[in-house]
Every structure is written in C-alpha cells, then in structure tokens.
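K.L.:
Below is the file target_11.cif, with mmCIF, C-alpha atoms and all ligand atoms.
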data_structure
#
loop_
_atom_site.label_atom_id
_atom_site.label_comp_id
_atom_site.auth_asym_id
_atom_site.auth_seq_id
_atom_site.Cartn_x
_atom_site.Cartn_y
_atom_site.Cartn_z
CA MET A 1 0.00 0.00 0.00
CA THR A 2 1.24 3.52 -0.67
CA TYR A 3 0.51 6.50 1.48
CA ALA A 4 0.25 10.07 0.29
CA ARG A 5 3.04 11.99 2.03
CA GLU A 6 1.98 14.80 4.33
CA PRO A 7 3.32 18.02 2.83
CA GLU A 8 6.16 19.26 5.02
CA THR A 9 5.16 22.27 7.10
CA THR A 10 6.22 25.51 5.53
CA LEU A 11 6.23 28.84 7.25
CA LEU A 12 6.59 32.15 5.45
CA ILE A 13 7.67 35.19 7.43
CA GLN A 14 6.77 38.20 5.31
CA ASP A 15 8.26 41.67 5.29
CA ALA A 16 10.58 41.34 8.30
CA GLN A 17 13.73 43.40 8.86
CA ILE A 18 16.10 40.45 8.69
CA LEU A 19 19.52 40.62 10.34
CA MET A 20 21.78 39.14 7.68
CA PRO A 21 24.95 37.17 8.56
CA GLU A 22 27.31 40.00 7.64
CA GLY A 23 25.37 42.47 9.80
CA SER A 24 23.21 44.30 7.26
CA TRP A 25 19.41 44.57 7.49
CA GLN A 26 17.24 43.35 4.65
CA GLN A 27 13.49 43.98 4.58
CA THR A 28 12.17 40.86 2.92
CA ASP A 29 10.58 37.42 3.37
CA LEU A 30 11.99 34.22 4.83
CA ARG A 31 10.76 30.70 4.17
CA ILE A 32 11.10 27.80 6.58
CA GLN A 33 10.58 24.22 5.54
CA GLY A 34 10.44 21.64 8.32
CA SER A 35 13.12 22.77 10.76
CA LYS A 36 15.33 24.67 8.30
CA ILE A 37 15.56 28.12 6.77
CA VAL A 38 15.31 27.46 3.02
CA GLU A 39 15.02 30.83 1.33
CA ILE A 40 15.42 34.54 1.96
CA GLY A 41 13.84 37.02 -0.48
CA LYS A 42 10.47 38.32 -1.67
CA GLN A 43 8.08 35.52 -2.55
CA ASP A 44 4.39 34.74 -2.87
CA PRO A 45 2.84 32.46 -0.27
CA ALA A 46 2.14 28.91 -1.42
CA PRO A 47 -1.37 27.60 -0.59
CA THR A 48 0.03 25.39 2.19
CA ASP A 49 2.17 28.11 3.80
CA ARG A 50 1.52 29.34 7.25
CA VAL A 51 2.17 33.07 7.00
CA ILE A 52 3.44 35.51 9.61
CA ILE A 53 3.17 39.15 8.59
CA ALA A 54 6.19 40.74 10.26
CA THR A 55 5.97 44.31 9.03
CA GLY A 56 7.78 46.59 11.48
CA LEU A 57 9.49 43.69 13.29
CA ALA A 58 13.16 42.67 13.33
CA LEU A 59 14.10 39.02 12.76
CA LEU A 60 17.13 37.83 14.73
CA PRO A 61 18.72 34.41 15.27
CA GLY A 62 17.27 32.84 18.43
CA VAL A 63 19.23 33.47 21.60
CA ILE A 64 21.49 30.66 22.81
CA ASP A 65 21.84 31.04 26.58
CA PRO A 66 25.01 29.20 27.62
CA GLN A 67 24.53 29.24 31.38
CA VAL A 68 21.26 28.46 33.14
CA HIS A 69 20.13 26.57 36.26
CA PHE A 70 16.74 25.02 35.52
CA ARG A 71 16.47 23.03 38.79
CA GLU A 72 15.18 19.73 37.41
CA PRO A 73 15.52 17.15 38.84
CA GLY A 74 15.12 17.68 42.55
CA LEU A 75 14.50 21.40 43.00
CA GLU A 76 11.23 21.70 41.07
CA HIS A 77 9.72 23.95 43.72
CA LYS A 78 11.97 26.68 42.22
CA GLU A 79 11.67 25.86 38.50
CA ASP A 80 11.16 22.95 36.13
CA LEU A 81 11.85 22.35 32.48
CA VAL A 82 8.34 23.41 31.45
CA THR A 83 8.25 26.73 33.30
CA ALA A 84 11.91 27.43 32.49
CA THR A 85 11.45 26.82 28.77
CA ARG A 86 8.23 28.83 28.65
CA ALA A 87 10.33 31.64 30.09
CA CYS A 88 12.94 30.95 27.40
CA ALA A 89 10.32 31.12 24.65
CA ARG A 90 8.99 34.41 25.96
CA GLY A 91 12.52 35.79 26.17
CA GLY A 92 13.54 34.77 22.64
CA VAL A 93 15.86 32.02 23.94
CA THR A 94 15.75 29.05 21.55
CA SER A 95 18.59 26.97 23.07
CA PHE A 96 20.12 26.66 26.53
CA LEU A 97 23.08 25.02 28.24
CA GLU A 98 22.23 23.88 31.75
CA MET A 99 24.37 23.46 34.86
CA PRO A 100 24.91 20.32 36.95
CA ASN A 101 23.90 21.59 40.44
CA THR A 102 20.55 19.82 40.51
CA ARG A 103 19.49 17.04 42.94
CA PRO A 104 21.04 14.63 42.21
CA ILE A 105 23.95 16.48 40.65
CA THR A 106 24.85 15.71 37.02
CA ALA A 107 28.19 13.98 37.34
CA ASN A 108 27.85 10.68 35.48
CA GLN A 109 26.28 9.16 32.39
CA GLU A 110 23.13 8.02 34.14
CA GLN A 111 22.45 11.47 35.56
CA LEU A 112 23.19 13.14 32.23
CA THR A 113 20.94 10.72 30.36
CA ASP A 114 18.17 11.37 32.86
CA LYS A 115 18.37 15.11 32.13
CA LEU A 116 18.42 14.54 28.38
CA ASN A 117 15.34 12.33 28.67
CA ARG A 118 13.50 14.86 30.80
CA ALA A 119 14.31 17.62 28.32
CA ALA A 120 13.21 15.49 25.34
CA ALA A 121 9.86 15.00 27.07
CA LYS A 122 9.33 18.56 28.30
CA ALA A 123 11.61 21.28 26.90
CA LEU A 124 9.99 23.72 24.49
CA VAL A 125 13.42 24.81 23.22
CA ASN A 126 16.73 23.13 22.35
CA TYR A 127 18.98 21.93 25.14
CA GLY A 128 22.43 20.85 26.22
CA PHE A 129 23.81 19.92 29.63
CA PHE A 130 27.14 20.28 31.40
CA ILE A 131 28.68 17.43 33.31
CA GLY A 132 29.89 18.55 36.74
CA ALA A 133 33.38 17.83 38.01
CA THR A 134 33.79 16.26 41.44
CA ALA A 135 36.94 15.09 43.19
CA ASP A 136 36.53 11.58 41.80
CA ASN A 137 34.69 11.44 38.46
CA LEU A 138 37.58 12.03 36.07
CA ASP A 139 36.59 9.07 33.87
CA GLN A 140 33.02 10.35 33.53
CA LEU A 141 34.23 13.82 32.59
CA GLN A 142 35.80 12.31 29.53
CA GLN A 143 33.30 9.60 28.65
CA ALA A 144 29.79 10.74 29.54
CA GLY A 145 27.91 12.42 26.73
CA PRO A 146 26.59 14.15 24.83
CA THR A 147 27.57 17.23 26.81
CA CYS A 148 28.54 20.83 26.13
CA GLY A 149 31.48 20.49 28.49
CA VAL A 150 32.83 20.03 31.98
CA LYS A 151 31.67 22.46 34.67
CA ILE A 152 33.94 23.15 37.63
CA PHE A 153 32.76 25.11 40.63
CA MET A 154 36.10 26.33 41.97
CA GLY A 155 34.22 28.13 44.74
CA SER A 156 30.89 29.26 46.16
CA MET A 157 29.37 25.79 46.04
CA GLN A 158 28.76 23.13 48.64
CA GLY A 159 28.99 19.37 48.48
CA ASP A 160 30.50 17.18 45.79
CA LEU A 161 30.51 19.84 43.07
CA LEU A 162 32.98 22.02 44.95
CA VAL A 163 36.44 21.38 43.51
CA ASP A 164 38.80 23.77 45.24
CA GLN A 165 41.95 21.68 45.65
CA GLU A 166 44.63 22.66 43.19
CA ALA A 167 45.89 19.09 42.80
CA VAL A 168 42.42 17.89 41.75
CA LEU A 169 41.96 20.86 39.42
CA GLU A 170 45.33 20.10 37.87
CA GLN A 171 44.30 16.51 37.17
CA ILE A 172 41.09 17.63 35.50
CA PHE A 173 42.88 20.14 33.28
CA ALA A 174 45.56 17.58 32.44
CA THR A 175 43.14 14.86 31.34
CA GLY A 176 41.04 14.88 28.17
CA ASP A 177 40.24 17.69 25.77
CA ARG A 178 36.67 18.73 26.42
CA LEU A 179 35.78 22.34 27.10
CA ILE A 180 36.13 23.22 30.78
CA ALA A 181 33.83 25.97 32.07
CA VAL A 182 34.77 27.43 35.44
CA HIS A 183 32.86 29.26 38.11
CA ALA A 184 35.93 31.15 39.29
CA GLU A 185 35.80 32.23 42.92
CA ASP A 186 38.48 31.31 45.45
CA GLN A 187 36.88 29.21 48.17
CA ALA A 188 39.66 29.67 50.76
CA ARG A 189 39.35 33.44 50.58
CA ILE A 190 35.54 33.27 50.73
CA ARG A 191 35.73 31.05 53.82
CA GLN A 192 38.12 33.37 55.58
CA ARG A 193 36.09 36.49 54.76
CA ARG A 194 32.83 34.83 55.84
CA GLU A 195 34.32 34.54 59.30
CA GLN A 196 35.46 38.14 59.21
CA PHE A 197 31.96 39.37 58.33
CA ALA A 198 30.06 36.87 60.51
CA GLY A 199 26.88 38.23 62.06
CA GLN A 200 26.28 40.91 59.42
CA THR A 201 22.86 40.61 57.80
CA ASP A 202 23.01 43.45 55.27
CA PRO A 203 23.05 41.64 51.89
CA ALA A 204 25.46 44.29 50.59
CA VAL A 205 28.27 42.58 52.54
CA HIS A 206 27.91 39.67 50.08
CA SER A 207 29.92 41.69 47.54
CA GLN A 208 32.59 42.33 50.19
CA ILE A 209 32.85 38.72 51.33
CA GLN A 210 33.06 37.28 47.81
CA ASP A 211 35.11 40.23 46.65
CA ASN A 212 36.93 41.06 43.41
CA GLN A 213 40.09 39.47 44.73
CA ALA A 214 38.32 36.14 45.32
CA ALA A 215 37.24 36.10 41.68
CA LEU A 216 40.64 37.20 40.39
CA LEU A 217 42.55 34.52 42.32
CA ALA A 218 40.44 31.73 40.87
CA THR A 219 40.50 33.12 37.35
CA GLN A 220 44.30 33.40 37.54
CA LEU A 221 44.55 29.77 38.63
CA ALA A 222 42.22 28.53 35.89
CA LEU A 223 44.16 30.49 33.28
CA ARG A 224 47.46 29.13 34.56
CA LEU A 225 46.24 25.54 34.33
CA SER A 226 44.65 26.10 30.95
CA LYS A 227 47.92 27.47 29.59
CA LYS A 228 49.98 24.69 31.13
CA TYR A 229 47.89 22.00 29.41
CA GLN A 230 46.62 24.09 26.47
CA ARG A 231 43.18 23.08 27.63
CA ARG A 232 40.07 24.72 26.17
CA LEU A 233 38.78 26.98 28.96
CA HIS A 234 35.64 29.04 29.27
CA ILE A 235 35.31 31.53 32.14
CA LEU A 236 31.70 31.77 33.24
CA HIS A 237 30.10 35.04 34.37
CA LEU A 238 33.21 37.20 34.49
CA SER A 239 32.36 39.93 36.97
CA THR A 240 35.32 42.14 37.84
CA ALA A 241 37.47 44.82 36.22
CA GLU A 242 40.57 42.95 37.44
CA GLU A 243 39.64 39.76 35.58
CA ALA A 244 38.80 41.72 32.44
CA ASP A 245 42.18 43.48 32.62
CA LEU A 246 43.94 40.15 33.12
CA LEU A 247 42.30 38.69 30.01
CA ARG A 248 43.01 41.83 28.03
CA GLN A 249 46.72 41.33 28.71
CA ASP A 250 46.83 37.60 28.35
CA LYS A 251 44.10 35.56 26.68
CA PRO A 252 45.20 32.46 24.79
CA ALA A 253 43.26 31.68 21.61
CA TRP A 254 41.60 28.68 23.28
CA VAL A 255 40.11 30.73 26.14
CA THR A 256 36.66 32.38 26.05
CA ALA A 257 34.74 34.38 28.64
CA GLU A 258 31.14 35.46 29.19
CA VAL A 259 29.38 38.18 31.17
CA THR A 260 25.79 38.35 32.43
CA PRO A 261 23.41 41.23 31.69
CA GLN A 262 23.14 41.80 35.45
CA HIS A 263 26.90 42.32 35.82
CA LEU A 264 26.66 44.90 33.03
CA VAL A 265 23.59 46.86 34.15
CA LEU A 266 23.29 46.26 37.93
CA ASN A 267 25.83 47.02 40.64
CA THR A 268 26.05 47.14 44.42
CA ASP A 269 23.52 50.02 44.49
CA ALA A 270 20.88 47.34 43.78
CA TYR A 271 21.02 45.95 47.33
CA ALA A 272 19.43 49.15 48.70
CA LYS A 273 16.56 48.79 46.22
CA ILE A 274 15.86 45.06 46.00
CA GLY A 275 17.79 43.57 48.94
CA THR A 276 18.55 39.87 48.67
CA LEU A 277 16.99 39.69 45.19
CA ALA A 278 20.27 41.28 44.08
CA GLN A 279 22.32 38.52 45.72
CA MET A 280 24.09 36.22 43.29
CA ASN A 281 27.42 34.45 42.79
CA PRO A 282 29.70 35.93 41.71
CA PRO A 283 28.21 39.01 43.37
CA LEU A 284 27.26 42.29 41.79
CA ARG A 285 30.20 44.70 41.71
CA SER A 286 30.76 48.46 41.48
CA ALA A 287 29.69 50.91 38.77
CA GLN A 288 33.36 51.03 37.76
CA ASP A 289 33.34 47.25 37.20
CA ASN A 290 30.21 47.69 35.01
CA GLN A 291 32.15 50.15 32.84
CA VAL A 292 35.22 47.97 32.47
CA LEU A 293 33.14 44.87 31.68
CA TRP A 294 31.23 46.80 29.00
CA GLN A 295 34.46 47.94 27.40
CA ALA A 296 35.86 44.40 27.51
CA LEU A 297 32.72 43.11 25.80
CA LEU A 298 32.83 45.81 23.14
CA ASP A 299 36.52 45.08 22.52
CA GLY A 300 36.04 41.32 22.21
CA VAL A 301 37.96 40.50 25.41
CA ILE A 302 34.66 39.04 26.65
CA ASP A 303 33.15 36.85 23.97
CA PHE A 304 29.47 36.48 24.77
CA ILE A 305 26.55 36.80 27.17
CA ALA A 306 24.89 34.27 29.49
CA THR A 307 22.14 34.88 32.02
CA ASP A 308 23.10 32.45 34.82
CA HIS A 309 19.30 32.10 35.25
CA ALA A 310 19.20 30.81 38.85
CA PRO A 311 15.71 31.10 40.34
CA HIS A 312 14.95 30.89 44.06
CA THR A 313 11.48 31.42 45.55
CA LEU A 314 10.55 34.71 47.17
CA ALA A 315 10.15 32.86 50.48
CA GLU A 316 13.72 31.58 50.20
CA LYS A 317 14.97 35.04 49.25
CA ALA A 318 13.06 36.56 52.22
CA GLN A 319 15.42 34.87 54.69
CA ALA A 320 17.95 37.23 56.22
CA TYR A 321 21.44 37.27 54.72
CA PRO A 322 23.47 35.02 54.74
CA ASN A 323 20.67 32.41 54.83
CA SER A 324 19.15 33.88 51.65
CA PRO A 325 20.25 31.89 48.58
CA SER A 326 22.26 33.45 45.73
CA GLY A 327 20.85 33.68 42.23
CA MET A 328 18.29 35.45 40.08
CA PRO A 329 16.18 34.51 37.05
CA GLY A 330 17.18 35.93 33.67
CA VAL A 331 16.14 34.12 30.48
CA GLU A 332 12.93 36.09 30.08
CA THR A 333 14.52 39.51 30.20
CA SER A 334 18.06 39.12 28.84
CA LEU A 335 17.38 39.94 25.18
CA ALA A 336 15.07 42.85 26.03
CA ILE A 337 17.62 44.23 28.53
CA MET A 338 20.42 44.07 25.97
CA LEU A 339 18.31 45.49 23.13
CA THR A 340 17.36 48.35 25.43
CA GLN A 341 21.07 48.98 25.96
CA ALA A 342 21.46 49.03 22.18
CA HIS A 343 18.58 51.49 21.88
CA GLN A 344 20.32 53.71 24.43
CA GLY A 345 23.42 53.74 22.24
CA ARG A 346 25.63 51.49 24.32
CA CYS A 347 26.13 49.02 21.47
CA SER A 348 24.39 47.95 18.26
CA VAL A 349 21.61 45.41 17.77
CA GLN A 350 24.08 43.48 15.62
CA GLN A 351 26.50 43.24 18.53
CA VAL A 352 23.74 42.09 20.89
CA SER A 353 22.78 39.36 18.46
CA HIS A 354 26.40 38.34 17.99
CA TRP A 355 27.01 38.09 21.77
CA MET A 356 23.76 36.23 22.45
CA SER A 357 23.70 33.83 19.56
CA ARG A 358 26.45 33.50 16.97
CA ALA A 359 29.43 33.85 19.30
CA VAL A 360 27.95 31.21 21.61
CA ALA A 361 27.37 28.79 18.73
CA GLN A 362 30.97 29.31 17.61
CA ALA A 363 32.47 28.84 21.08
CA TYR A 364 30.58 25.60 21.78
CA GLY A 365 30.81 24.25 18.24
CA ILE A 366 27.03 24.18 17.75
CA ALA A 367 26.55 23.63 14.03
CA ASN A 368 23.86 25.39 11.93
CA LYS A 369 22.76 27.83 14.60
CA GLY A 370 23.38 31.50 15.33
CA LYS A 371 22.89 32.86 11.80
CA ILE A 372 19.99 33.60 9.50
CA GLN A 373 21.02 31.80 6.34
CA PRO A 374 19.49 29.13 4.10
CA GLY A 375 20.46 25.70 5.43
CA TYR A 376 20.62 26.93 9.01
CA ASP A 377 18.17 25.75 11.66
CA ALA A 378 15.02 27.86 11.91
CA ASP A 379 15.66 29.07 15.48
CA LEU A 380 14.48 32.64 15.22
CA VAL A 381 13.01 35.50 17.19
CA LEU A 382 10.87 38.34 15.87
CA VAL A 383 11.49 41.41 17.97
CA ASP A 384 9.60 44.66 18.36
CA LEU A 385 12.42 47.19 18.64
CA LYS A 386 10.09 50.17 18.95
CA THR A 387 7.59 49.60 21.74
CA GLU A 388 8.67 50.32 25.30
CA ARG A 389 7.02 48.16 27.96
CA PRO A 390 7.73 47.51 31.63
CA VAL A 391 8.82 44.15 33.07
CA LEU A 392 5.63 43.02 34.82
CA GLY A 393 5.71 40.36 37.53
CA ALA A 394 2.31 39.00 36.50
CA GLU A 395 3.57 38.20 32.99
CA LEU A 396 6.66 36.26 34.08
CA GLN A 397 6.74 32.56 33.19
CA THR A 398 9.54 31.53 35.55
CA LYS A 399 8.03 29.55 38.43
CA VAL A 400 9.44 31.96 41.01
CA GLY A 401 7.47 34.85 39.49
CA TRP A 402 9.97 37.64 40.13
CA SER A 403 12.71 39.44 38.28
CA PRO A 404 15.44 41.80 39.48
CA PHE A 405 14.29 44.03 36.62
CA GLU A 406 10.63 44.28 37.60
CA GLY A 407 9.34 47.73 36.70
CA TRP A 408 12.21 48.47 34.28
CA ARG A 409 10.89 49.88 31.02
CA LEU A 410 12.47 47.90 28.19
CA ARG A 411 12.47 48.42 24.46
CA GLY A 412 13.19 45.37 22.29
CA TRP A 413 10.71 42.69 23.32
CA PRO A 414 10.42 39.31 21.59
CA VAL A 415 6.95 38.88 20.05
CA VAL A 416 7.31 35.58 18.16
CA THR A 417 9.82 32.81 18.94
CA ILE A 418 10.45 29.96 16.53
CA VAL A 419 12.31 26.78 17.50
CA ASP A 420 13.29 24.36 14.73
CA GLY A 421 10.57 25.81 12.53
CA GLN A 422 7.85 25.57 15.20
CA ILE A 423 6.14 28.71 16.50
CA VAL A 424 6.55 28.20 20.22
CA TYR A 425 5.62 31.72 21.37
CA ASP A 426 3.38 34.22 19.62
CA HIS A 427 2.35 37.52 21.23
CA GLY A 428 1.85 36.15 24.73
CA GLU A 429 0.54 32.71 23.65
CA PHE A 430 2.54 29.49 23.96
CA ASN A 431 2.36 26.35 21.87
CA LEU A 432 2.99 23.82 24.61
CA GLN A 433 3.08 20.93 22.12
CA CYS A 434 6.46 22.07 20.72
CA ARG A 435 9.59 20.25 21.73
CA GLY A 436 13.20 21.27 21.31
CA LYS A 437 16.03 18.96 20.32
CA ALA A 438 19.28 17.89 21.95
CA LEU A 439 22.10 20.12 20.73
CA ALA A 440 25.22 18.58 19.24
CA PHE A 441 28.59 20.06 20.21
CA GLY A 442 31.86 20.17 18.31
CA ASN A 443 33.67 19.13 21.46
CA GLY A 444 31.04 16.99 23.23
O1 LIG B 501 24.09 32.97 42.11
C1 LIG B 501 24.25 31.81 41.76
N1 LIG B 501 23.27 30.89 41.90
N2 LIG B 501 25.42 31.42 41.22
C2 LIG B 501 25.70 30.13 40.98
O2 LIG B 501 26.76 29.84 40.50
C3 LIG B 501 24.74 29.07 41.33
C4 LIG B 501 23.39 29.63 41.26
C5 LIG B 501 22.32 28.70 41.79
O3 LIG B 501 22.29 27.56 41.33
O4 LIG B 501 21.48 29.13 42.56
#
So, in terms of structure tokens, how does the structure I just supplied come out?
P.N.:
Amino acid sequence: MTYAREPETTLLIQDAQILMPEGSWQQTDLRIQGSKIVEIGKQDPAPTDRVIIATGLALLPGVIDPQVHFREPGLEHKEDLVTATRACARGGVTSFLEMPNTRPITANQEQLTDKLNRAAAKALVNYGFFIGATADNLDQLQQAGPTCGVKIFMGSMQGDLLVDQEAVLEQIFATGDRLIAVHAEDQARIRQRREQFAGQTDPAVHSQIQDNQAALLATQLALRLSKKYQRRLHILHLSTAEEADLLRQDKPAWVTAEVTPQHLVLNTDAYAKIGTLAQMNPPLRSAQDNQVLWQALLDGVIDFIATDHAPHTLAEKAQAYPNSPSGMPGVETSLAIMLTQAHQGRCSVQQVSHWMSRAVAQAYGIANKGKIQPGYDADLVLVDLKTERPVLGAELQTKVGWSPFEGWRLRGWPVVTIVDGQIVYDHGEFNLQCRGKALAFGNG
C-alpha cells in the first residue's frame, strides 16, 4: 500500500527586517521548511504556507543562553523544564546550556541521560547539559555524553561539586580535551572572609565577602592551568574589572569568557533597592566594574553573554542574609535588557545578536545555529524594537514569578519565537506541544 506523504510544514515570514549574517538589514521574506531556513527574499505564499506578517518587526537568530540553572531534577519547587522553557520562549531564547547543580547532581552518564530524557519530554526549546566535576569522576568527565562540556565550581558551592583543591583541578585540566567551564571564585578566601563578616545581615556585605580578589585569584589559577595544558577553557560570568584586565593582557586563543546582563547593568547600588533579590554568585560589583566589563565586551575581550538564570522562591529570598540563597532569574529579560542597551546607544543590535547567539554557537561548536542563512536551523526571534514596555511580575513565566528588573521599562521585546521551525511563542501565547532537540557540540 502507498501512502500520500503529508506536505512538510512551511512557514513564510513576510516583510521582516532580517539581520543578515554580515550584519546588514534586509526587509524581505523568509521561508522555513520543516526545521530549516530554506530561502530569503520576496516571494508569494504557497497555498500550504503558514504566513506571519512581520511588518515593522526585526528578525534575529534565536538566543542561545550558555549558562542556566533550571532546577530539574530535585528542585522543582523553584523551576522545572516546562516553566523554564516557557520563560525561554517568551525571552527569545531558543537553546540553553544547563548546569549540573541539581538534585542529584549531574556527574555521570546516568544522571546526564536522565536530564536529556526529561528535556526530550518537556523542553519547548533546544537543550544541552554540562557534566559537573567532582573530586573523583575524572573518567566520567571524559566519557559521559553528549555534553557541552565540563563544569567546575572552583568556589561558592557546597557538596561534591565544589572542587577547590589545586591538585584535583590540575588533574582535571591535564586529562582529556573537552571544554572546561569554570565558576571562578576562590573558596579559601571566601571562607576566611565569611568569618570576618560573621553576624552581618546586610546583603550588601555579600559583595565584600566574595570580593573582586576572590574572583581574580580563581581566574588566575584557571588560566594558569589552561595554559599549562593548552586546555580549552571558558570563564563563566566574568564579573570584575581585574579579571577583564587580566584577560586583556593575556588571553590564549583557546580561552573564552562570558558576562551576564546583570553584571553589566546592575551594581552594588541594587542591594538598597531590592535587597537579597540582588544577591548572586559571583556578586554584583561596582559601577566602575560595570564600565570595564562593558568595554571588555565591546573590545572582544569578553566573547558572549549568558544569564546564569538561577531562580529561588521569594520565600527563600526573604530569609535574612546570609541564609538567603544566591541567584536570580534571567532568560525572560536578557534579550530585552540588551536590546534596550542598544537602543540607548551602548552598542548595536548586531553586537547584541552576535554576543547572544552567533558567538555562543561558535564557542561551543554548535553547528547550523546563530545565523539567518538558508540551510541553518530555523531558530528565530521576531522582535519589536520600537515599543517600550515595563517588566511586569504578573507576565513572568519563571516559576518563582519575580525578576530583578521588575518595573524596568524595556524596548526590544520578543513577540514571536520559533524553534526548529515551530512557532513556540506568539504575542503572549505558547504552543505547549512544541519540543526542542538535543544540541550537538563540536567538542562533546
Ligand atoms: O548565584 C548563583 N546561583 N550562582 C551560581 O553559580 C549558582 C546559582 C544557583 O544555582 O542558585
């Protein structure tokens, strides 16, 4: 028996301002067939096309967020893969790389496979997972997969995922060739300063306890080991002027670094306004650090942007410092925050897109993503660059329902998000049937 083949889904986006790979804008149409971009240029709709009229909207590659904590399994009271990926869809994030500090941690093949299975069943966007280094899982760090890389918490972590002994770090850097991503804060210095500041409940002391020097010491050590073994190193959420200056002087070709929107646009003044909601690791720094980080990003010393989306409930955050947990949500606001910065003249929309999409795809060896080009995956976001709207708590999709940016008026909101050719978010509505795919990595 023969079956008539279902025609493959085609989607025609008409009259969008398309950000082309070389950085120019082209006002034209874009056709998607299945999960791929197949054509860019003016064309008539075919009878089977689903059409999106995008007049007045900009079309950008979907955001790839390379550092998030989505809490599943084990911490689902904070977030889960459904709420987290709804937040992604609303924020224009079409792919994410997730961290291993769940319960259980992700430190072996079984735990990694469990996460991949959960994401296949639930995630509305594309996904990849880090494998976490412990003092005794060297074999897994090389064998378990697929993974975007090895995550090392050099500091500000408890339990098995804390790897703060230089001899253990040295072994990890010396063995294998996968990307190593470090949370660089020096645990010995943090410990000592915690004692010094014991009894203080003002959350602003968080930035003094885990100070610039704590971050610099760990980044120096990671760089030293990376150079010794020529090991691919990525420095997560770079937060200080000192680290940026260090990389400006000495950054091997195999080293990359990222910064979060919050380390660019928030500083220690935030504690007076939002208290423990401003508490994260590494902590917020000074206005001077903001400036230096911006310049490092503009100059290419910092390669790309990650949110470090790390939700905690308001009840957890309401505990007095230091019992309040560190971390803040981010995937829903990151693109709008950065596009607002572009609108204010801090950078261009092209740079924002490069830092939030293409540069991430390049650094992690993610093929066919991060560019709008025929043959590339149809991971796209249509953005309204003209309407200014506030961040409203009631609209947030993250399970914790708060944002450090609540009330901020942003300009550059995602209005339609497309993942692998599926419209997952459209003007406030979600298609909860969509599923993302596992990402493949050049080094995983
Ligand atoms: O502020 C943070 N929170 N930084 C981290 O590195 C971990 C994260 C979390 O998981 O809550």
K.L.:
Within 6 Å of ligand LIG 501 (chain B), counting all atoms listed in the file, which protein or nucleic acid residues do you find, written as a CSV table (one decimal) with C-alpha atoms, in the coordinates of the input?
P.N.:
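For reference, out_5.csv as written:
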chain,number,residue,atom,x,y,z
A,69,HIS,CA,20.1,26.6,36.3
A,280,MET,CA,24.1,36.2,43.3
A,281,ASN,CA,27.4,34.4,42.8
A,310,ALA,CA,19.2,30.8,38.8
A,326,SER,CA,22.3,33.4,45.7
A,327,GLY,CA,20.8,33.7,42.2
K.L.:
For each of A:Gly132, A:Asp245, A:Leu124, A:Asp177, take the minimum atom-to-atom distance to A:Tyr425, counting only C-alpha atoms, then give the residue where this is smallest.
P.N.:
A:Leu124
K.L.:
Using Å and a single decimal, report how far atom CA of A:Lys227 sits from atom CA of A:Ile64.
P.N.:
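So the answer is 27.5 Å.
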K.L.:
Using only C-alpha atoms, which residues sit within 6 Å of stretch 33-43 of chain A once same-chain residues fewer than 4 positions away are excluded, as a ChimeraX atom specification?
P.N.:
/A:8-10,28-29,374-378,420-421
K.L.:
Taking all atoms listed in the file into account, which of A:Glu258, A:Asp384, A:Glu406, A:Glu395 comes nearest A:Ala87?
P.N.:
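Of A:Glu258, A:Asp384, A:Glu406, A:Glu395, the one nearest A:Ala87, counting all atoms listed in the file, is A:Glu395.
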K.L.:
What is the atom CA of A:Ala278-atom CA of A:Gly91 distance in Å, reported with one decimal?
P.N.:
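Taking atom CA of A:Ala278 as the start and atom CA of A:Gly91 as the end point, the length is 20.3 Å.
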K.L.:
So which one's closest to A:Lys317, A:Thr276, A:Thr340, A:Ser239, A:Thr201? Using all atoms listed in the file, please.
P.N.:
A:Thr276
K.L.:
Using all atoms listed in the file, which residue out of A:Gly412, A:Gly155, A:Gly407, A:Gly428 lies closest to A:Ala222?
P.N.:
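The closest residue to A:Ala222 is A:Gly155.
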K.L.:
So, counting all atoms listed in the file, which residue among A:Ala336, A:Val63, A:Leu432, A:Leu30 is closest to A:Gly370?
P.N.:
A:Val63
K.L.:
One decimal, Å: what's the distance from atom CA of A:Glu76 over to atom CA of A:Lys151, could you say?
P.N.:
21.4 Å
K.L.:
Restricting the calculation to all atoms listed in the file, which member of A:Arg191, A:Ala121, A:Gly442, A:Leu169 is positioned closest to A:Thr134?
P.N.:
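Nearest candidate to A:Thr134 out of A:Arg191, A:Ala121, A:Gly442, A:Leu169: A:Leu169.
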K.L.:
Can you tell me which residues surround A:Lys251 at a distance of at most 12 Å, considering all atoms listed in the file, apart from same-chain residues fewer than 3 positions away, and format the answer as a list in words?
P.N.:
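Here the qualifying residues turn out to be Thr219, Gln220, Ala222, Leu223, Arg224, Ser226, Lys227, Gln230, Arg232, Leu233, His234, Ile235, Glu243, Ala244, Asp245, Leu246, Leu247, Arg248, Trp254, Val255, Thr256, Ala257, Gly300, Val301, Ile302 and Asp303 of chain A.
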K.L.:
Just want the 10 Å neighbourhood of A:Asp160, counted on only C-alpha atoms, with same-chain residues fewer than 6 positions away dropped. Output as a CSV table (one decimal) with C-alpha atoms, keeping the file's coordinate frame.
P.N.:
chain,number,residue,atom,x,y,z
A,101,ASN,CA,23.9,21.6,40.4
A,105,ILE,CA,24.0,16.5,40.6
A,107,ALA,CA,28.2,14.0,37.3
A,132,GLY,CA,29.9,18.6,36.7
A,133,ALA,CA,33.4,17.8,38.0
A,134,THR,CA,33.8,16.3,41.4
A,135,ALA,CA,36.9,15.1,43.2
A,136,ASP,CA,36.5,11.6,41.8
A,153,PHE,CA,32.8,25.1,40.6
K.L.:
Show me, as a PyMOL selection string, the residues that have an atom within 12 Å of A:Asp114 when counting all atoms listed in the file, minus same-chain residues fewer than 4 positions from it.
P.N.:
chain A and resi 72-74+100+102-110+118-121+129+145-146
